[in-house]
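Okay, work-v9.tsv now, which holds TSV, C-alpha atoms and all ligand atoms:
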chain	number	residue	atom	x	y	z
A	12	MET	CA	0.00	0.00	0.00
A	13	ARG	CA	1.18	3.58	-0.65
A	14	ILE	CA	1.35	5.24	2.75
A	15	LEU	CA	2.06	8.85	3.58
A	16	VAL	CA	3.95	8.93	6.88
A	17	THR	CA	4.01	12.31	8.63
A	18	GLY	CA	6.82	12.64	11.16
A	19	GLY	CA	8.50	9.56	9.69
A	20	ALA	CA	11.97	10.93	10.49
A	21	GLY	CA	11.14	10.94	14.21
A	22	TYR	CA	11.67	8.22	16.78
A	23	VAL	CA	8.53	6.10	16.49
A	24	GLY	CA	7.74	7.05	12.87
A	25	SER	CA	11.17	5.97	11.57
A	26	HIS	CA	10.83	2.53	13.18
A	27	VAL	CA	7.45	2.11	11.51
A	28	VAL	CA	8.85	3.23	8.14
A	29	TRP	CA	11.57	0.55	8.30
A	30	ASP	CA	8.93	-2.09	9.11
A	31	LEU	CA	6.57	-0.84	6.39
A	32	VAL	CA	9.33	-1.30	3.83
A	33	ALA	CA	10.10	-4.78	5.20
A	34	ALA	CA	6.38	-5.65	4.94
A	35	GLY	CA	6.31	-4.65	1.26
A	36	HIS	CA	4.49	-1.31	1.64
A	37	GLU	CA	5.51	1.88	-0.11
A	38	PRO	CA	5.96	4.68	2.42
A	39	VAL	CA	6.71	8.32	1.63
A	40	VAL	CA	7.83	10.47	4.56
A	41	ILE	CA	6.99	14.10	5.15
A	42	ASP	CA	8.80	15.73	8.05
A	43	ASN	CA	9.91	19.29	8.70
A	44	LEU	CA	12.97	17.87	10.53
A	45	SER	CA	12.32	20.18	13.48
A	46	ARG	CA	12.85	17.19	15.76
A	47	GLY	CA	13.51	14.34	13.35
A	48	HIS	CA	16.60	13.09	11.55
A	49	ALA	CA	17.01	12.51	7.82
A	50	GLN	CA	19.45	9.68	8.66
A	51	ALA	CA	16.64	7.73	10.36
A	52	VAL	CA	14.77	7.28	7.08
A	53	PRO	CA	15.88	4.24	5.07
A	54	SER	CA	17.65	5.04	1.80
A	55	GLY	CA	15.24	4.36	-1.01
A	56	VAL	CA	12.32	5.96	0.85
A	57	SER	CA	11.46	9.51	-0.23
A	58	LEU	CA	11.81	12.05	2.55
A	59	LEU	CA	10.11	15.34	1.73
A	60	GLN	CA	11.06	18.18	4.03
A	61	ILE	CA	7.64	19.75	4.32
A	62	ASP	CA	5.83	21.41	7.20
A	63	LEU	CA	2.22	20.31	7.72
A	64	ALA	CA	1.35	24.01	7.87
A	65	ASP	CA	2.30	24.35	4.19
A	66	LYS	CA	-1.03	23.59	2.55
A	67	GLU	CA	0.19	23.88	-1.03
A	68	ALA	CA	3.17	21.57	-0.53
A	69	LEU	CA	0.98	19.08	1.33
A	70	SER	CA	-1.65	19.07	-1.39
A	71	ASP	CA	1.06	18.61	-3.99
A	72	VAL	CA	2.34	15.48	-2.20
A	73	PHE	CA	-1.18	14.01	-2.19
A	74	GLU	CA	-1.52	14.71	-5.90
A	75	ARG	CA	1.84	13.31	-6.89
A	76	PHE	CA	2.02	10.32	-4.54
A	77	ARG	CA	-1.70	9.38	-4.34
A	78	PRO	CA	-1.44	7.72	-0.90
A	79	GLN	CA	-3.99	5.07	0.06
A	80	ALA	CA	-3.54	5.71	3.78
A	81	VAL	CA	-1.85	8.14	6.15
A	82	MET	CA	0.11	7.36	9.30
A	83	HIS	CA	0.25	10.53	11.36
A	84	PHE	CA	3.18	10.79	13.81
A	85	ALA	CA	4.11	14.44	13.26
A	86	GLY	CA	3.43	16.66	16.19
A	87	SER	CA	4.84	18.37	19.24
A	88	SER	CA	5.05	16.02	22.19
A	89	LEU	CA	6.70	17.52	25.26
A	90	VAL	CA	4.26	17.82	28.15
A	91	GLY	CA	6.29	20.47	30.00
A	92	GLU	CA	6.78	22.58	26.87
A	93	SER	CA	3.04	22.39	26.19
A	94	MET	CA	2.32	23.91	29.62
A	95	LYS	CA	4.49	26.92	28.72
A	96	HIS	CA	3.51	27.21	25.04
A	97	PRO	CA	-0.04	25.90	24.57
A	98	GLU	CA	-0.39	27.98	21.40
A	99	LEU	CA	2.39	25.97	19.73
A	100	TYR	CA	0.73	22.70	20.74
A	101	PHE	CA	-2.77	23.60	19.61
A	102	ARG	CA	-1.37	25.02	16.37
A	103	ASN	CA	0.87	22.10	15.50
A	104	ASN	CA	-1.19	19.19	16.81
A	105	LEU	CA	-4.64	20.58	16.01
A	106	SER	CA	-4.52	23.26	13.26
A	107	ASN	CA	-1.83	21.50	11.25
A	108	GLY	CA	-3.49	18.15	11.91
A	109	LEU	CA	-6.81	19.53	10.71
A	110	GLN	CA	-5.14	20.73	7.53
A	111	LEU	CA	-3.88	17.18	6.97
A	112	LEU	CA	-7.37	15.75	7.50
A	113	ALA	CA	-8.90	18.29	5.09
A	114	CYS	CA	-6.28	17.33	2.50
A	115	MET	CA	-7.16	13.65	2.97
A	116	VAL	CA	-10.85	14.40	2.38
A	117	GLU	CA	-10.06	16.51	-0.67
A	118	HIS	CA	-7.94	13.72	-2.16
A	119	LYS	CA	-10.31	10.95	-1.08
A	120	VAL	CA	-7.87	9.19	1.25
A	121	ASP	CA	-10.02	7.44	3.83
A	122	LYS	CA	-7.69	5.65	6.26
A	123	MET	CA	-5.53	7.10	9.03
A	124	VAL	CA	-3.48	5.58	11.84
A	125	PHE	CA	-2.88	8.28	14.45
A	126	SER	CA	-0.30	8.50	17.27
A	127	SER	CA	-2.36	9.34	20.31
A	128	SER	CA	-1.11	9.11	23.88
A	129	ALA	CA	-1.79	7.91	27.41
A	130	ALA	CA	-1.76	11.65	28.20
A	131	VAL	CA	-5.46	11.74	27.17
A	132	TYR	CA	-6.34	10.09	30.50
A	133	GLY	CA	-4.65	12.49	32.94
A	134	GLU	CA	-4.50	11.38	36.57
A	135	PRO	CA	-5.79	7.77	36.55
A	136	GLU	CA	-8.74	6.80	38.72
A	137	GLU	CA	-7.80	3.14	38.43
A	138	VAL	CA	-5.08	1.00	36.85
A	139	PRO	CA	-4.67	-0.77	34.55
A	140	ILE	CA	-6.22	1.92	32.35
A	141	THR	CA	-8.67	0.69	29.73
A	142	GLU	CA	-9.87	2.74	26.76
A	143	GLU	CA	-13.11	3.49	28.64
A	144	HIS	CA	-11.30	5.19	31.51
A	145	PRO	CA	-12.42	8.85	31.92
A	146	LYS	CA	-10.40	11.30	29.82
A	147	ALA	CA	-9.15	14.27	31.79
A	148	PRO	CA	-5.85	15.43	30.27
A	149	THR	CA	-3.77	17.64	32.54
A	150	SER	CA	-1.72	19.36	29.82
A	151	PRO	CA	-2.30	21.10	26.47
A	152	TYR	CA	-0.36	18.20	24.93
A	153	GLY	CA	-2.86	15.64	26.26
A	154	GLU	CA	-5.76	17.91	25.32
A	155	SER	CA	-4.45	18.25	21.77
A	156	LYS	CA	-4.36	14.46	21.41
A	157	LEU	CA	-7.87	14.06	22.82
A	158	PHE	CA	-9.33	16.84	20.62
A	159	PHE	CA	-7.69	15.33	17.56
A	160	GLU	CA	-9.33	11.99	18.37
A	161	SER	CA	-12.67	13.87	18.51
A	162	MET	CA	-11.98	15.45	15.12
A	163	LEU	CA	-11.30	11.99	13.74
A	164	ARG	CA	-14.67	10.73	15.01
A	165	ARG	CA	-16.41	13.67	13.30
A	166	PHE	CA	-14.50	13.14	10.07
A	167	ASP	CA	-15.58	9.51	10.02
A	168	TYR	CA	-19.23	10.42	10.59
A	169	ALA	CA	-19.27	13.24	8.02
A	170	TYR	CA	-16.76	12.13	5.37
A	171	GLY	CA	-16.22	8.41	5.94
A	172	LEU	CA	-12.55	8.87	6.92
A	173	ARG	CA	-11.87	5.85	9.13
A	174	SER	CA	-9.09	5.92	11.69
A	175	VAL	CA	-7.31	3.99	14.38
A	176	SER	CA	-5.95	6.08	17.26
A	177	LEU	CA	-3.18	4.31	19.13
A	178	ARG	CA	-2.69	5.60	22.66
A	179	TYR	CA	0.93	4.78	23.41
A	180	PHE	CA	2.18	4.56	26.95
A	181	ASN	CA	6.00	5.04	27.27
A	182	ALA	CA	7.77	4.18	24.02
A	183	ALA	CA	11.24	2.75	24.60
A	184	GLY	CA	14.04	0.72	23.01
A	185	ALA	CA	15.56	0.72	19.57
A	186	HIS	CA	15.49	-1.27	16.35
A	187	PRO	CA	17.27	-4.66	16.65
A	188	SER	CA	19.31	-3.82	13.51
A	189	GLY	CA	21.09	-1.17	15.61
A	190	ARG	CA	20.66	1.34	12.77
A	191	ILE	CA	17.96	3.54	14.28
A	192	GLY	CA	17.01	4.50	17.81
A	193	GLU	CA	15.90	7.32	20.06
A	194	ASP	CA	17.52	10.75	19.63
A	195	HIS	CA	15.39	13.60	20.96
A	196	THR	CA	16.63	17.12	21.69
A	197	PRO	CA	15.77	17.91	24.37
A	198	GLU	CA	15.53	14.36	25.73
A	199	THR	CA	12.83	13.98	28.35
A	200	HIS	CA	12.41	10.19	28.38
A	201	LEU	CA	13.76	8.21	31.31
A	202	ILE	CA	15.61	5.33	29.64
A	203	PRO	CA	17.70	7.45	27.21
A	204	ILE	CA	18.48	9.91	30.01
A	205	ILE	CA	19.71	7.08	32.25
A	206	LEU	CA	21.83	5.63	29.42
A	207	GLN	CA	23.25	9.05	28.49
A	208	THR	CA	24.25	9.40	32.15
A	209	ALA	CA	25.93	5.98	32.00
A	210	LEU	CA	27.85	7.22	28.94
A	211	GLY	CA	29.04	10.31	30.82
A	212	LYS	CA	26.97	12.63	28.61
A	213	ARG	CA	25.12	13.83	31.72
A	214	GLU	CA	26.40	14.25	35.22
A	215	GLU	CA	23.53	12.54	36.98
A	216	LEU	CA	19.96	11.36	36.69
A	217	SER	CA	17.40	13.57	38.42
A	218	ILE	CA	14.69	11.47	40.06
A	219	PHE	CA	11.61	13.68	40.12
A	220	GLY	CA	9.71	12.74	43.26
A	221	THR	CA	10.70	10.05	45.74
A	222	ASP	CA	7.61	10.36	47.94
A	223	TYR	CA	4.92	8.97	45.65
A	224	PRO	CA	2.54	6.37	47.11
A	225	THR	CA	4.45	3.52	45.40
A	226	GLU	CA	6.62	0.83	46.97
A	227	ASP	CA	9.91	2.71	46.50
A	228	GLY	CA	8.39	6.21	46.31
A	229	THR	CA	9.18	6.78	42.61
A	230	CYS	CA	6.74	7.00	39.67
A	231	ILE	CA	5.60	3.85	37.89
A	232	ARG	CA	5.23	3.73	34.10
A	233	ASP	CA	4.41	1.15	31.44
A	234	TYR	CA	7.25	0.81	28.88
A	235	VAL	CA	6.41	-0.51	25.43
A	236	HIS	CA	9.06	-1.35	22.85
A	237	VAL	CA	9.09	0.88	19.78
A	238	CYS	CA	9.09	-2.21	17.50
A	239	ASP	CA	5.95	-3.47	19.24
A	240	LEU	CA	4.36	-0.06	18.60
A	241	SER	CA	5.44	-0.48	15.02
A	242	SER	CA	3.80	-3.91	14.64
A	243	ALA	CA	0.58	-2.45	16.09
A	244	HIS	CA	0.60	0.26	13.39
A	245	ILE	CA	0.90	-2.31	10.65
A	246	LEU	CA	-1.94	-4.37	12.18
A	247	ALA	CA	-4.06	-1.20	12.49
A	248	LEU	CA	-3.49	-0.42	8.83
A	249	GLN	CA	-4.55	-3.95	7.90
A	250	PHE	CA	-7.60	-3.62	10.16
A	251	LEU	CA	-8.71	-0.47	8.33
A	252	ASP	CA	-7.94	-1.96	4.93
A	253	ASP	CA	-10.14	-4.94	5.82
A	254	GLY	CA	-13.00	-2.49	6.41
A	255	GLY	CA	-12.63	-2.09	10.18
A	256	ARG	CA	-14.46	0.86	11.72
A	257	SER	CA	-12.81	3.72	13.59
A	258	GLU	CA	-11.30	2.59	16.89
A	259	VAL	CA	-8.97	3.61	19.69
A	260	PHE	CA	-6.50	1.22	21.33
A	261	ASN	CA	-4.11	1.48	24.24
A	262	LEU	CA	-0.59	0.20	23.59
A	263	GLY	CA	1.42	-0.85	26.62
A	264	ASN	CA	2.77	-4.00	28.24
A	265	GLY	CA	0.31	-3.99	31.12
A	266	GLN	CA	3.20	-3.99	33.58
A	267	GLY	CA	4.53	-1.04	35.53
A	268	PHE	CA	8.11	-0.30	36.53
A	269	SER	CA	9.23	2.44	38.90
A	270	VAL	CA	12.02	4.89	38.09
A	271	GLN	CA	14.12	3.11	40.70
A	272	GLN	CA	13.45	-0.29	39.11
A	273	ILE	CA	14.36	0.98	35.62
A	274	LEU	CA	17.55	2.44	37.09
A	275	SER	CA	18.46	-0.95	38.62
A	276	VAL	CA	17.79	-2.75	35.33
A	277	ALA	CA	19.92	-0.18	33.47
A	278	GLU	CA	22.78	-0.52	35.98
A	279	LYS	CA	22.73	-4.28	35.42
A	280	VAL	CA	22.67	-3.83	31.62
A	281	VAL	CA	25.52	-1.28	31.47
A	282	GLY	CA	27.45	-3.01	34.27
A	283	LYS	CA	28.09	0.00	36.49
A	284	PRO	CA	26.34	2.31	38.97
A	285	ILE	CA	24.66	5.42	37.57
A	286	PRO	CA	24.78	8.64	39.62
A	287	THR	CA	21.43	10.08	40.68
A	288	ARG	CA	20.02	12.98	42.63
A	289	ARG	CA	16.63	13.43	44.25
A	290	ALA	CA	14.51	16.25	42.81
A	291	GLU	CA	11.07	17.71	43.45
A	292	ARG	CA	8.01	16.11	41.89
A	293	ARG	CA	7.07	17.62	38.53
A	294	PRO	CA	3.55	19.05	38.39
A	295	GLY	CA	1.10	16.82	36.56
A	296	ASP	CA	3.13	13.58	36.87
A	297	PRO	CA	0.73	10.84	38.00
A	298	ALA	CA	2.15	8.26	40.44
A	299	VAL	CA	1.21	5.23	38.35
A	300	LEU	CA	0.36	4.81	34.64
A	301	VAL	CA	-0.20	1.26	33.46
A	302	ALA	CA	-2.15	0.25	30.36
A	303	SER	CA	-4.61	-2.47	29.68
A	304	ALA	CA	-3.87	-3.31	26.04
A	305	GLN	CA	-6.31	-6.22	26.04
A	306	LYS	CA	-8.44	-4.58	23.35
A	307	ALA	CA	-5.50	-4.32	20.90
A	308	ILE	CA	-4.62	-7.94	21.69
A	309	ASP	CA	-8.21	-9.13	21.11
A	310	VAL	CA	-9.24	-6.95	18.16
A	311	LEU	CA	-5.99	-6.34	16.26
A	312	GLY	CA	-4.30	-9.60	17.24
A	313	TRP	CA	-1.37	-7.56	18.60
A	314	ARG	CA	1.32	-9.71	20.26
A	315	PRO	CA	4.07	-7.56	21.79
A	316	SER	CA	7.37	-9.41	21.62
A	317	PHE	CA	9.40	-7.27	24.06
A	318	THR	CA	7.56	-8.10	27.26
A	319	ASP	CA	10.74	-8.31	29.34
A	320	ILE	CA	11.98	-4.93	30.60
A	321	ASP	CA	15.63	-6.13	30.56
A	322	ARG	CA	15.38	-6.73	26.81
A	323	ILE	CA	13.81	-3.32	26.24
A	324	VAL	CA	16.65	-1.58	28.10
A	325	GLU	CA	19.27	-3.79	26.39
A	326	SER	CA	17.97	-2.80	22.96
A	327	ALA	CA	18.10	0.90	23.92
A	328	TRP	CA	21.66	0.42	25.26
A	329	ASN	CA	22.70	-1.27	22.02
A	330	TRP	CA	21.72	1.94	20.19
A	331	HIS	CA	23.10	4.46	22.70
A	332	LYS	CA	26.48	2.83	23.27
A	333	ASN	CA	27.09	2.68	19.52
A	334	HIS	CA	25.63	6.16	18.89
A	335	PRO	CA	26.64	8.21	21.93
A	336	ASP	CA	25.83	11.40	19.97
A	337	GLY	CA	22.64	9.98	18.47
A	338	TYR	CA	22.45	10.65	14.74
A	339	GLY	CA	25.02	13.44	15.09
A	340	PRO	CA	24.57	16.86	13.51
A	341	ARG	CA	21.31	17.38	11.58
A	342	GLN	CA	21.69	16.90	7.81
B	1	LIG	N1	7.61	8.67	22.25
B	1	LIG	C1	6.63	8.40	23.10
B	1	LIG	O1	6.83	7.82	24.19
B	1	LIG	C2	5.20	8.78	22.74
B	1	LIG	C3	4.19	8.43	23.65
B	1	LIG	C4	2.88	8.77	23.32
B	1	LIG	C5	2.59	9.40	22.11
B	1	LIG	N2	3.61	9.74	21.27
B	1	LIG	C6	3.26	10.43	20.01
B	1	LIG	O2	3.83	9.71	18.93
B	1	LIG	C7	4.26	10.59	17.89
B	1	LIG	C8	5.70	10.31	17.59
B	1	LIG	O3	6.48	10.46	18.77
B	1	LIG	P1	8.07	10.49	18.69
B	1	LIG	O4	8.60	10.20	20.04
B	1	LIG	O5	8.51	9.68	17.53
B	1	LIG	O6	8.29	12.05	18.38
B	1	LIG	P2	9.41	12.72	17.48
B	1	LIG	O7	9.49	14.14	17.91
B	1	LIG	O8	10.65	11.91	17.48
B	1	LIG	O9	8.77	12.65	16.01
B	1	LIG	C9	7.86	13.58	15.53
B	1	LIG	C10	8.31	14.01	14.15
B	1	LIG	O10	7.37	14.95	13.62
B	1	LIG	C11	8.07	15.98	12.97
B	1	LIG	N3	7.19	17.16	12.96
B	1	LIG	C12	6.72	17.84	14.04
B	1	LIG	N4	5.91	18.85	13.64
B	1	LIG	C13	5.84	18.78	12.29
B	1	LIG	C14	5.18	19.55	11.29
B	1	LIG	N5	4.42	20.61	11.60
B	1	LIG	N6	5.34	19.22	9.98
B	1	LIG	C15	6.14	18.17	9.64
B	1	LIG	N7	6.79	17.41	10.53
B	1	LIG	C16	6.65	17.71	11.84
B	1	LIG	C17	9.36	16.16	13.76
B	1	LIG	O11	10.41	16.75	13.02
B	1	LIG	C18	9.67	14.72	14.17
B	1	LIG	O12	10.50	14.08	13.23
B	1	LIG	C19	3.99	12.00	18.40
B	1	LIG	O13	2.78	12.45	17.84
B	1	LIG	C20	3.87	11.82	19.91
B	1	LIG	O14	3.02	12.78	20.48
B	1	LIG	C21	4.90	9.44	21.55

Can the structure from this file be put into structure tokens for me?
Amino acid sequence: MRILVTGGAGYVGSHVVWDLVAAGHEPVVIDNLSRGHAQAVPSGVSLLQIDLADKEALSDVFERFRPQAVMHFAGSSLVGESMKHPELYFRNNLSNGLQLLACMVEHKVDKMVFSSSAAVYGEPEEVPITEEHPKAPTSPYGESKLFFESMLRRFDYAYGLRSVSLRYFNAAGAHPSGRIGEDHTPETHLIPIILQTALGKREELSIFGTDYPTEDGTCIRDYVHVCDLSSAHILALQFLDDGGRSEVFNLGNGQGFSVQQILSVAEKVVGKPIPTRRAERRPGDPAVLVASAQKAIDVLGWRPSFTDIDRIVESAWNWHKNHPDGYGPRQ
């Protein structure tokens, strides 16, 4: 299938692009490279440096490439930044996203797989979190994801554009080939920060909050391997192509690990202690976020293969130790 992949030079998108090629699909990537890396896109796949805000350029891609589906990863995704700059988040994740949807309708493209987030739930009332859990996002980032899901529902009703929204929990790890991995600037994700500290790229790991109501006092999260996210995207695409109706699915392992536990796993994997310091809690960080991904397992037939946290951290380490500076300078 010809698939337009927005944000395909980013962390999750690039892993999906590699797997789409391996599965015989024909992806074309559009990315403004604000956060992504040209080097993450496989050679042989067209990477068009386009901003979603550029309506003419976007429309031109639809005309020339005639995609049959869109996978939409592009967006701004830092919770803290969204608290300070909500305008940027609503503009990029909603206005630019709406422009993409309008372009799809205009060019009669009726299938989208969208990167949503666990941030749509906010502070959980109970865990594991199912898709029916109340949605009360605590940041403009989470709100932008939830509003976009609402737009998708309306676009299905009015224009027949069917979609699957995948609510990822914490994406982690790197491609087993060792060729692509996580390289965000700024990096806000725990596992890369721990591994960068192990590599001496950072002085210490700040542990935000050690007085949460968890066994060791640190926050608990559900880590899902980026290749398992990728396989879910390909299943979601198949689901829509088989005529499936619009759906939302959580993607997580259904198991929570505290910051302290991840640190211990990482110390075992890298073979040395990693310096830490205690820091204040960050506003809006729930104590525990753990997914129920039963619906994706039942409906999509999703079978995550990285269910062991040691293997997730090992795969991330394999990338970081061989790419201590990530992809290096932007091309
Ligand atoms: N990484 C996670 O743990 C996680 C968790 C939940 C949801 N998500 C969502 O998944 C998606 C991908 O996440 P990621 O970690 O790969 O992020 P990322 O920042 O690595 O990738 C996003 C890509 O989109 C591009 N982009 C941003 N705005 C654009 C625009 N206006 N036009 C064109 N390109 C644009 C960036 O250059 C980047 O390459 C995001 O939408 C994010 O909100 C990620």

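With distances restricted to all atoms listed in the file, A:Asp233 is the closest residue to ligand LIG 1 (chain B) from A:Asp233, A:Glu258, A:Glu226, A:Glu37.
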
Site check for ligand LIG 1 (chain B): residues at most 8 Å away, only C-alpha atoms and all ligand atoms, as a PyMOL selection string: chain A and resi 17-25+41-48+60-64+83-89+103-104+107+125-130+152+156+178-183+193-195+200

Counting all atoms listed in the file, which residue out of A:Ser93, A:Thr196, A:Asn261, A:Ser176 sits closest to Ser150 (chain A)? A:Ser93

Interatomic distance (Å, one decimal) between CA of Arg288 (chain A) and CA of Arg232 (chain A):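 Distance reported for this atom pair: 19.4 Å.
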
Given only C-alpha atoms as the basis, pick out the residue of A:Met94, A:Leu246, A:Val138, A:Leu300 nearest to Val27 (chain A).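 Nearest to Val27 (chain A): A:Leu246.
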
Might you pull out every residue within 8 Å of Ala304 (chain A), with all atoms listed in the file counted and same-chain residues fewer than 2 positions away left off, and present them as an NGL selection string? :A and (141 or 260-265 or 302 or 306-308)

For Leu69 (chain A), which of A:Arg190, A:Arg102, A:His118, A:Arg173 is the closest residue, counting only C-alpha atoms?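 Using only C-alpha atoms, Leu69 (chain A) sits closest to A:His118.
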
Kindly give the distance, in Å, that separates CA of Ala80 (chain A) and CA of Asp121 (chain A), rounded to a single decimal.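 Separation of CA of Ala80 (chain A) and CA of Asp121 (chain A): 6.7 Å.
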
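As for CA of Leu206 (chain A) and CA of Val324 (chain A), they are spaced 9.0 Å apart.
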
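Minimum distance to Leu210 (chain A) across A:Glu98, A:Pro340, A:Pro284, A:Ala298 (counting all atoms listed in the file) occurs at A:Pro284.
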
Smallest atom-to-atom distance to Lys119 (chain A): which of A:Phe73, A:Trp328, A:Phe268, A:Phe219, using all atoms listed in the file?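 Residue with the minimum atom-to-atom distance to Lys119 (chain A): A:Phe73.
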
Residues at most 12 Å from Ile204 (chain A), counting only C-alpha atoms, excluding those fewer than 3 positions away in the same chain, as a ChimeraX atom specification? /A:183,193-201,207-218,270,273-274,277,285-287,324,327-328,331,335

Those residues you just picked out, can you put them in a file as a short mmCIF file (atom, residue, chain, number, x, y, z; two decimals), in the coordinates of the input with C-alpha atoms?
data_model
loop_
_atom_site.label_atom_id
_atom_site.label_comp_id
_atom_site.auth_asym_id
_atom_site.auth_seq_id
_atom_site.Cartn_x
_atom_site.Cartn_y
_atom_site.Cartn_z
CA ALA A 183 11.24 2.75 24.60
CA GLU A 193 15.90 7.32 20.06
CA ASP A 194 17.52 10.75 19.63
CA HIS A 195 15.39 13.60 20.96
CA THR A 196 16.63 17.12 21.69
CA PRO A 197 15.77 17.91 24.37
CA GLU A 198 15.53 14.36 25.73
CA THR A 199 12.83 13.98 28.35
CA HIS A 200 12.41 10.19 28.38
CA LEU A 201 13.76 8.21 31.31
CA GLN A 207 23.25 9.05 28.49
CA THR A 208 24.25 9.40 32.15
CA ALA A 209 25.93 5.98 32.00
CA LEU A 210 27.85 7.22 28.94
CA GLY A 211 29.04 10.31 30.82
CA LYS A 212 26.97 12.63 28.61
CA ARG A 213 25.12 13.83 31.72
CA GLU A 214 26.40 14.25 35.22
CA GLU A 215 23.53 12.54 36.98
CA LEU A 216 19.96 11.36 36.69
CA SER A 217 17.40 13.57 38.42
CA ILE A 218 14.69 11.47 40.06
CA VAL A 270 12.02 4.89 38.09
CA ILE A 273 14.36 0.98 35.62
CA LEU A 274 17.55 2.44 37.09
CA ALA A 277 19.92 -0.18 33.47
CA ILE A 285 24.66 5.42 37.57
CA PRO A 286 24.78 8.64 39.62
CA THR A 287 21.43 10.08 40.68
CA VAL A 324 16.65 -1.58 28.10
CA ALA A 327 18.10 0.90 23.92
CA TRP A 328 21.66 0.42 25.26
CA HIS A 331 23.10 4.46 22.70
CA PRO A 335 26.64 8.21 21.93
#

List the spatial neighbours of Val175 (chain A) as a list in words - criterion: any atom at most 9 Å away, all atoms listed in the file, same-chain residues fewer than 5 positions off excluded. Lys122, Met123, Val124, Phe125, Ser126, Leu163, His244, Ala247, Leu248, Phe250, Leu251, Arg256, Ser257, Glu258, Val259 and Phe260 of chain A

Filtering to C-alpha atoms, could you give me those residues as a PDB file, in the frame of the given file?
ATOM      1  CA  LYS A 122      -7.690   5.650   6.260  1.00  0.00           C
ATOM      2  CA  MET A 123      -5.530   7.100   9.030  1.00  0.00           C
ATOM      3  CA  VAL A 124      -3.480   5.580  11.840  1.00  0.00           C
ATOM      4  CA  PHE A 125      -2.880   8.280  14.450  1.00  0.00           C
ATOM      5  CA  SER A 126      -0.300   8.500  17.270  1.00  0.00           C
ATOM      6  CA  LEU A 163     -11.300  11.990  13.740  1.00  0.00           C
ATOM      7  CA  HIS A 244       0.600   0.260  13.390  1.00  0.00           C
ATOM      8  CA  ALA A 247      -4.060  -1.200  12.490  1.00  0.00           C
ATOM      9  CA  LEU A 248      -3.490  -0.420   8.830  1.00  0.00           C
ATOM     10  CA  PHE A 250      -7.600  -3.620  10.160  1.00  0.00           C
ATOM     11  CA  LEU A 251      -8.710  -0.470   8.330  1.00  0.00           C
ATOM     12  CA  ARG A 256     -14.460   0.860  11.720  1.00  0.00           C
ATOM     13  CA  SER A 257     -12.810   3.720  13.590  1.00  0.00           C
ATOM     14  CA  GLU A 258     -11.300   2.590  16.890  1.00  0.00           C
ATOM     15  CA  VAL A 259      -8.970   3.610  19.690  1.00  0.00           C
ATOM     16  CA  PHE A 260      -6.500   1.220  21.330  1.00  0.00           C
TER      17      PHE A 260
END

Give as a ChimeraX atom specification each residue that has an atom at most 10 Å from (0.2, -2.3, 0.2) in the file, counting all atoms listed in the file. /A:12-14,31-32,34-38,79-80,248-249,252
